[in-house]
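A.B. asks: Before we start, here is the structure in question, set down as structure tokens.
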Amino acid sequence: MNVIILGAPGAGKGTHCALIREKYNLEHVSTGDMLRAEVAEGSPLGMQAKGYMEAGKLVPDDLIIDMIMKKFSHSTGKGLLLDGFPRTVAQAKALDEKVKVDIVIDLAVSDATVIQRITGRRMCPNCNAIYNTRYLNGSDTCSACGGKLVQRADDTEETVKKRLESYYAYTEPLIAYYKAQGLLHTVDSETGVEQGFADIQTLLEPIA
Ligand code: AMP
């Protein structure tokens with residue numbers, strides 16, 4: 001099955017995708033992780049994308065579509081778990097030409113929750129595990145791989161407000177786009193990881 005996880009920044013896409021990938025053996029494709037790897041490498045794409053990312057803006061569609069199509073051409077053949085892609089209607093249309101999407105799950109959260117979660121978010125640069133300072137008790141070590149946790153350059157309050165603006169302008173319209181295709185399901189992502197993942201499994205079990 002091919003699954004899209006939609007949601008504002010901080011809605012829990014990364015956290016839930018790690019759980020979904022594990023349980024359903026899907027190929028997790030996160031355009032954010034791919035872009036951060038390009039930036040860290042200093043590749044031409046990374047150099048083009050960096051400024052947009054740090055400003056809380058979307059990276060232009062042509063760069064993203066090119067990157068994702070290259071990724072699909074080296075696909076493992078497993079079902080896809082798309083995290084952070086598509087983020088615009090143009091990207092969704094490009095995807096429709098390539099992949100049959102089976103289900104779209106929108107993780108719903110309030111703006112206040114987004115800001116609280118994002119400013120406390122820490123991630124492991126080695127294995128991409130995600131944490132929140134609320135539960136770290138002052139630790140800065142990844143419990144999965146021992147890496148030193150970092151705050152993403154775009155996880156400041158100022159940038160997150162810009163990212164929310166981009167979300168409402170360009171990504172939220174995808175809710176109507178996928179609703180019209182009969183693919184959209186909404187999961188309340190305010191309830192905590194355990195309940196949210198239980199709700200996601202209820203949606204995925206019948207098609208897994
Ligand atoms: P994420 O890790 O998904 O929050 O993505 C981090 C940043 O990467 C976003 O704020 C955008 O600047 C950029 N980005 C990731 N995925 C996309 C996409 N599908 N389209 C445009 N920009 C993206």
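Ligands are numbered from 1 in the order shown, residues from 1 within each chain, and chains are lettered A, B, ... in the order they appear in the structure tokens.
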Could you list the protein, DNA and RNA residues that have any atom within 7 Å of ligand 1, counting only C-alpha atoms and all ligand atoms, and write them as a VMD selection string?
C.D. replies: chain A and resid 9 30 to 33 35 52 to 53 56 to 61 64 83 to 88 163
A.B. asks: Between atom CA of Asn2 of chain A and atom CA of Val101 of chain A, what is the distance in Å, rounded to a tenth?
C.D. replies: 5.2 Å
A.B. asks: Of the candidates A:Leu26, A:Ala49, A:Thr159, A:Gln195, which shows the shortest atom-to-atom distance to Ala208 of chain A, using only C-alpha atoms?
C.D. replies: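 Using only C-alpha atoms, the shortest distance to Ala208 of chain A belongs to A:Leu26.
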A.B. asks: One number please: atom CA of Glu205 of chain A to atom CA of Lys93 of chain A, in Å, one decimal.
C.D. replies: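 Distance between the two atoms: 26.6 Å.
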A.B. asks: Residues of segment 79-193 of chain A classed as helix (DSSP H, G or I) by DSSP on the backbone are to be reported as a PyMOL selection string.
C.D. replies: chain A and resi 89-96+111-119+133-135+157-171+173-180+193
A.B. asks: Check the smallest atom-to-atom distance from each of A:Thr141, A:Gln91, A:Asn128, A:Gln116 to Pro173 of chain A using only C-alpha atoms, then report the winner.
C.D. replies: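 Nearest candidate to Pro173 of chain A out of A:Thr141, A:Gln91, A:Asn128, A:Gln116: A:Gln91.
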A.B. asks: Show which residues sit within 10 Å of Ile4 of chain A, as a ChimeraX atom specification. Count only C-alpha atoms, and ignore same-chain residues fewer than 3 positions away.
C.D. replies: /A:7,13,17,29,80-86,101-106,183-184
A.B. asks: Quick one: pull the distance between atom CA of Ala180 of chain A and atom CA of Val3 of chain A, Å, one decimal.
C.D. replies: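 Answer for the atom CA of Ala180 of chain A to atom CA of Val3 of chain A separation: 16.6 Å.
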A.B. asks: Can you list, as a list of chain:residue names, all residues belonging to segment 5-68 of chain A that DSSP tags as strand (DSSP E)?
C.D. replies: A:Ile5, A:Leu6, A:Gly7, A:Glu27, A:His28, A:Val29, A:Ser30
A.B. asks: Mind dumping the selected residues with N, CA, C and O atoms as a PDB file, in the first residue's frame?
C.D. replies:
```
ATOM      1  N   ILE A   5       1.129  10.769   4.614  1.00  0.00           N
ATOM      2  CA  ILE A   5       0.831  11.369   5.916  1.00  0.00           C
ATOM      3  C   ILE A   5       0.905  12.890   5.743  1.00  0.00           C
ATOM      4  O   ILE A   5       1.970  13.444   5.437  1.00  0.00           O
ATOM      5  N   LEU A   6      -0.243  13.534   5.921  1.00  0.00           N
ATOM      6  CA  LEU A   6      -0.321  14.995   5.809  1.00  0.00           C
ATOM      7  C   LEU A   6      -0.362  15.610   7.206  1.00  0.00           C
ATOM      8  O   LEU A   6      -0.721  14.931   8.173  1.00  0.00           O
ATOM      9  N   GLY A   7      -0.059  16.895   7.284  1.00  0.00           N
ATOM     10  CA  GLY A   7      -0.196  17.577   8.581  1.00  0.00           C
ATOM     11  C   GLY A   7       0.744  18.763   8.648  1.00  0.00           C
ATOM     12  O   GLY A   7       1.764  18.805   7.949  1.00  0.00           O
ATOM     13  N   GLU A  27       8.433   1.674   2.802  1.00  0.00           N
ATOM     14  CA  GLU A  27       9.615   2.513   2.540  1.00  0.00           C
ATOM     15  C   GLU A  27       9.268   3.950   2.939  1.00  0.00           C
ATOM     16  O   GLU A  27       8.430   4.592   2.292  1.00  0.00           O
ATOM     17  N   HIS A  28       9.900   4.423   3.996  1.00  0.00           N
ATOM     18  CA  HIS A  28       9.617   5.767   4.512  1.00  0.00           C
ATOM     19  C   HIS A  28      10.367   6.799   3.668  1.00  0.00           C
ATOM     20  O   HIS A  28      11.594   6.782   3.619  1.00  0.00           O
ATOM     21  N   VAL A  29       9.628   7.684   3.021  1.00  0.00           N
ATOM     22  CA  VAL A  29      10.254   8.722   2.195  1.00  0.00           C
ATOM     23  C   VAL A  29       9.896  10.078   2.799  1.00  0.00           C
ATOM     24  O   VAL A  29       8.747  10.516   2.723  1.00  0.00           O
ATOM     25  N   SER A  30      10.874  10.720   3.430  1.00  0.00           N
ATOM     26  CA  SER A  30      10.667  12.039   4.032  1.00  0.00           C
ATOM     27  C   SER A  30      11.462  13.054   3.219  1.00  0.00           C
ATOM     28  O   SER A  30      12.696  13.020   3.219  1.00  0.00           O
TER      29      SER A  30
END
```
A.B. asks: Fewer than 2 positions away in the same chain doesn't count, so skip those; otherwise give me all residues within 8 Å of Val114 of chain A, counting only C-alpha atoms, as a VMD selection string.
C.D. replies: chain A and resid 8 to 11 109 to 112 116 to 118
A.B. asks: Near Arg152 of chain A, counting only C-alpha atoms, which residues have an atom at most 9 Å away, once you skip same-chain residues fewer than 2 positions from it, shown as number ranges by chain?
C.D. replies: A: 121-123, 150, 154-156
A.B. asks: For each of A:Ala40, A:Cys142, A:Ile207, A:Ile65, take the minimum atom-to-atom distance to Ala92 of chain A, counting only C-alpha atoms, then give the residue where this is smallest.
C.D. replies: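 Result for the nearest residue to Ala92 of chain A: A:Ile65.
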A.B. asks: For a quick check of understanding, using only C-alpha atoms, which of A:Ala198, A:Ile115, A:Ala55, A:Val99 has the smallest distance to Ser75 of chain A?
C.D. replies: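 Looking at the shortest contact to Ser75 of chain A, the residue is A:Val99.
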A.B. asks: Given the choices A:Leu174, A:Val160, A:Ile200, A:Leu95, which gets closest to Leu19 of chain A if the distance is worked out from only C-alpha atoms?
C.D. replies: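 The answer is A:Ile200, which sits nearest to Leu19 of chain A.
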A.B. asks: Determine the nearest neighbour of Val193 of chain A from the options A:Met1, A:Ala129, A:Ala169, A:Thr15, counting only C-alpha atoms.
C.D. replies: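 Closest candidate: A:Thr15.
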